[in-house]
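> Here it is: the structure, laid out below.
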Amino acid sequence: MDETAVVAGETENAAGADWNPVERVILERRSVRKYKDRQVPENVVRRILEAGRFAPSAGNAQPWKFIVIRDRAMLDEMERDVVRLCKVFKFFLDWRTSPLGRSVTWLMAQVFIRIKRNQLHPIPFGAITLIAEGKLRAFHGAPTLILLLEDRRGVSRPQVDVGCCGENIVLAAQSMGLGTCWVGFVELLKYGLKWRKRLGIEFPYRICEGICLGYPVGNPQGMIEREVMDVDWYEDGAMRKVRQGEDDVTV
Amino acid sequence: MSQFSFLERLSVPTYDNDEYATTGRLFIDHERCNGCGVCSQICPGKAISIRGEGKAKKAYLDEDFPQCMSCNDCAAICERDALKVVVAYDFGLYYKKLNRGAFAPPRRY
């Protein structure tokens, strides 16, 4: 890069400057949970996957594999199976509604939550109930589903690499006017043999995440408010607390 | 100094107990809301319901344990800026939140 370009970059990044297009895509992206029936053109999906292919990964291992599902009947069947599995989970773990009785279920939930602390956080726990009751659709009626598989032989933390790859996919889709939503519930499909066989998933691959893709109904995108976060800032031999998103408190 | 006590690290909250669970809370401006129901359709926790008839048709946050995860998707889709999240969800004990504050929009630093 020549020197003039560097200087131009500095003026663009002056304090209080307007958002650049990439920032705008990042800040305006919202998860979309209502899709039009219209299918996404094939070339657009291919273009989005290309963004995923060029994601950074540890040791350039690229520990991912994509499965694109655009078959309506197949998506419906997957959704049915997710709902069925959610019903099983709800039957054994949701002590508020389980016919097994509150005390037995509560005890079981307490054990299982300790085994799977992240998967059974209160938020997905509530979502399991909603999906089982049919109030929430697992894939939100999206016309295209991208399954992200993780190569378990990847360098250090392949799941993080899959996350990077997925974020590239999601942001590229947003920049093309598409809506996306991460669906972690596809993970349930790895518990049964059926879908692993049908999709040909075997070692070293494992289902990691899913991304719904489609044209959003209405305009769900926009900047919103988010929680302010604490940042510890070490500089010039001292540490200060910075509130990211708020005025700094001067002592 | 640990931010969790030993007991808190071991204890999992009982989700439907108010003592350990603060769900997200919305502020809904009923002057602006026209009860179109888009927010209730896209809410991932199905925490918003539309009640009332005619002019009195408005959005309400469920009173009995709303599963609001304070994602603010409703605020993004609402064309009339009628609602936004004012309290973030927070569960107690092992799942309690750390180092987070009030809500603020993106800021140009």
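Just so we're on the same page: first chain in the structure tokens is A, next is B, and so on; residues restart at 1 for each chain, and ligands are numbered from 1 in the order they show up.
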Just the residues within 12 Å of Phe91 in chain B, please, counting only C-alpha atoms, with nothing from its chain fewer than 5 positions along; format it as a PyMOL selection string.

(chain A and resi 121-123) or (chain B and resi 8+11-24+67+69+96-98)

> Go ahead and save the picked residues with N, CA and C atoms, as a PDB file, in the first residue's frame.


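Just written: selection.pdb:
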ATOM      1  N   HIS A 121     -28.865 -24.792  29.244  1.00  0.00           N
ATOM      2  CA  HIS A 121     -29.028 -23.445  29.801  1.00  0.00           C
ATOM      3  C   HIS A 121     -30.521 -23.105  29.751  1.00  0.00           C
ATOM      4  N   PRO A 122     -31.012 -22.251  30.651  1.00  0.00           N
ATOM      5  CA  PRO A 122     -32.446 -21.942  30.653  1.00  0.00           C
ATOM      6  C   PRO A 122     -33.022 -21.542  29.301  1.00  0.00           C
ATOM      7  N   ILE A 123     -32.244 -20.854  28.463  1.00  0.00           N
ATOM      8  CA  ILE A 123     -32.787 -20.378  27.184  1.00  0.00           C
ATOM      9  C   ILE A 123     -33.082 -21.541  26.227  1.00  0.00           C
TER      10      ILE A 123
ATOM     11  N   GLU B   8     -22.461 -21.311  44.498  1.00  0.00           N
ATOM     12  CA  GLU B   8     -23.095 -20.855  43.253  1.00  0.00           C
ATOM     13  C   GLU B   8     -22.605 -21.646  42.053  1.00  0.00           C
ATOM     14  N   SER B  11     -24.515 -24.886  42.079  1.00  0.00           N
ATOM     15  CA  SER B  11     -25.984 -24.914  42.055  1.00  0.00           C
ATOM     16  C   SER B  11     -26.535 -24.446  40.728  1.00  0.00           C
ATOM     17  N   VAL B  12     -27.462 -25.205  40.225  1.00  0.00           N
ATOM     18  CA  VAL B  12     -28.166 -24.855  39.004  1.00  0.00           C
ATOM     19  C   VAL B  12     -29.515 -24.251  39.424  1.00  0.00           C
ATOM     20  N   PRO B  13     -29.873 -23.098  38.873  1.00  0.00           N
ATOM     21  CA  PRO B  13     -31.135 -22.489  39.298  1.00  0.00           C
ATOM     22  C   PRO B  13     -32.350 -23.270  38.820  1.00  0.00           C
ATOM     23  N   THR B  14     -33.414 -23.183  39.582  1.00  0.00           N
ATOM     24  CA  THR B  14     -34.686 -23.731  39.140  1.00  0.00           C
ATOM     25  C   THR B  14     -35.344 -22.652  38.295  1.00  0.00           C
ATOM     26  N   TYR B  15     -35.552 -22.985  37.007  1.00  0.00           N
ATOM     27  CA  TYR B  15     -35.861 -21.923  36.051  1.00  0.00           C
ATOM     28  C   TYR B  15     -37.155 -21.166  36.336  1.00  0.00           C
ATOM     29  N   ASP B  16     -38.156 -21.869  36.830  1.00  0.00           N
ATOM     30  CA  ASP B  16     -39.433 -21.170  36.999  1.00  0.00           C
ATOM     31  C   ASP B  16     -39.559 -20.505  38.367  1.00  0.00           C
ATOM     32  N   ASN B  17     -38.449 -20.408  39.078  1.00  0.00           N
ATOM     33  CA  ASN B  17     -38.487 -19.763  40.381  1.00  0.00           C
ATOM     34  C   ASN B  17     -38.039 -18.313  40.226  1.00  0.00           C
ATOM     35  N   ASP B  18     -38.920 -17.379  40.613  1.00  0.00           N
ATOM     36  CA  ASP B  18     -38.617 -15.952  40.454  1.00  0.00           C
ATOM     37  C   ASP B  18     -37.335 -15.541  41.166  1.00  0.00           C
ATOM     38  N   GLU B  19     -37.007 -16.278  42.211  1.00  0.00           N
ATOM     39  CA  GLU B  19     -35.828 -15.927  42.994  1.00  0.00           C
ATOM     40  C   GLU B  19     -34.543 -16.065  42.168  1.00  0.00           C
ATOM     41  N   TYR B  20     -34.550 -17.007  41.217  1.00  0.00           N
ATOM     42  CA  TYR B  20     -33.338 -17.286  40.455  1.00  0.00           C
ATOM     43  C   TYR B  20     -33.446 -16.885  38.993  1.00  0.00           C
ATOM     44  N   ALA B  21     -34.567 -16.400  38.575  1.00  0.00           N
ATOM     45  CA  ALA B  21     -34.727 -16.140  37.150  1.00  0.00           C
ATOM     46  C   ALA B  21     -35.355 -14.778  36.906  1.00  0.00           C
ATOM     47  N   THR B  22     -34.608 -13.909  36.230  1.00  0.00           N
ATOM     48  CA  THR B  22     -35.176 -12.671  35.708  1.00  0.00           C
ATOM     49  C   THR B  22     -35.235 -12.840  34.203  1.00  0.00           C
ATOM     50  N   THR B  23     -36.405 -12.854  33.653  1.00  0.00           N
ATOM     51  CA  THR B  23     -36.495 -12.930  32.194  1.00  0.00           C
ATOM     52  C   THR B  23     -36.331 -11.519  31.653  1.00  0.00           C
ATOM     53  N   GLY B  24     -36.146 -11.418  30.338  1.00  0.00           N
ATOM     54  CA  GLY B  24     -36.087 -10.101  29.737  1.00  0.00           C
ATOM     55  C   GLY B  24     -37.408  -9.373  29.932  1.00  0.00           C
ATOM     56  N   GLN B  67     -40.728 -15.948  28.129  1.00  0.00           N
ATOM     57  CA  GLN B  67     -39.402 -16.460  27.783  1.00  0.00           C
ATOM     58  C   GLN B  67     -38.673 -15.466  26.898  1.00  0.00           C
ATOM     59  N   MET B  69     -35.650 -13.411  25.725  1.00  0.00           N
ATOM     60  CA  MET B  69     -34.197 -13.493  25.879  1.00  0.00           C
ATOM     61  C   MET B  69     -33.521 -12.185  25.517  1.00  0.00           C
ATOM     62  N   LYS B  96     -25.688 -17.000  36.338  1.00  0.00           N
ATOM     63  CA  LYS B  96     -25.850 -15.544  36.446  1.00  0.00           C
ATOM     64  C   LYS B  96     -24.878 -14.812  35.533  1.00  0.00           C
ATOM     65  N   LYS B  97     -25.294 -13.624  35.096  1.00  0.00           N
ATOM     66  CA  LYS B  97     -24.499 -12.867  34.131  1.00  0.00           C
ATOM     67  C   LYS B  97     -23.461 -12.019  34.840  1.00  0.00           C
ATOM     68  N   LEU B  98     -22.355 -11.799  34.143  1.00  0.00           N
ATOM     69  CA  LEU B  98     -21.287 -10.986  34.717  1.00  0.00           C
ATOM     70  C   LEU B  98     -20.954  -9.839  33.772  1.00  0.00           C
TER      71      LEU B  98
END

> Check range 3-100 of chain B with DSSP on the backbone and list each residue it calls helix (DSSP H, G or I), as a list in words.

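Assigned to helix (DSSP H, G or I), within range 3-100 of chain B: Phe6, Leu7, Glu8, Arg9, Leu10, Val38, Cys39, Ser40, Gln41, Ile42, Gly54, Lys55, Ala56, Asp73, Cys74, Ala75, Ala76, Ile77, Leu93, Tyr94 and Tyr95 of chain B.
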
> Grab the residues selected above and save them as a PDB file, in the first residue's frame with C-alpha atoms.


ATOM      1  CA  PHE B   6     -18.327 -22.181  45.561  1.00  0.00           C
ATOM      2  CA  LEU B   7     -21.983 -22.935  46.231  1.00  0.00           C
ATOM      3  CA  GLU B   8     -23.095 -20.855  43.253  1.00  0.00           C
ATOM      4  CA  ARG B   9     -20.791 -22.760  40.965  1.00  0.00           C
ATOM      5  CA  LEU B  10     -22.352 -26.006  42.052  1.00  0.00           C
ATOM      6  CA  VAL B  38     -45.351  -8.696  13.704  1.00  0.00           C
ATOM      7  CA  CYS B  39     -43.323  -8.701  16.924  1.00  0.00           C
ATOM      8  CA  SER B  40     -45.271 -11.624  18.348  1.00  0.00           C
ATOM      9  CA  GLN B  41     -44.728 -13.582  15.133  1.00  0.00           C
ATOM     10  CA  ILE B  42     -40.960 -13.244  15.082  1.00  0.00           C
ATOM     11  CA  GLY B  54     -60.176  -2.860  17.342  1.00  0.00           C
ATOM     12  CA  LYS B  55     -58.392   0.244  18.574  1.00  0.00           C
ATOM     13  CA  ALA B  56     -57.491  -1.416  21.878  1.00  0.00           C
ATOM     14  CA  ASP B  73     -35.537  -8.428  17.439  1.00  0.00           C
ATOM     15  CA  CYS B  74     -38.965  -6.991  18.153  1.00  0.00           C
ATOM     16  CA  ALA B  75     -37.487  -3.491  18.406  1.00  0.00           C
ATOM     17  CA  ALA B  76     -35.732  -3.972  15.069  1.00  0.00           C
ATOM     18  CA  ILE B  77     -38.832  -5.102  13.185  1.00  0.00           C
ATOM     19  CA  LEU B  93     -26.454 -19.176  40.635  1.00  0.00           C
ATOM     20  CA  TYR B  94     -24.371 -20.932  37.985  1.00  0.00           C
ATOM     21  CA  TYR B  95     -26.000 -19.065  35.095  1.00  0.00           C
TER      22      TYR B  95
END

> Kindly provide, as an MDAnalysis selection string, the residues of chain A having any atom no farther than 9 Å from an atom of chain B, counting only C-alpha atoms.

chainID A and resid 14:19 27:28 30:34 96 106 110 113:114 117 121:123 126:127 130 135:136 218:231 243:246
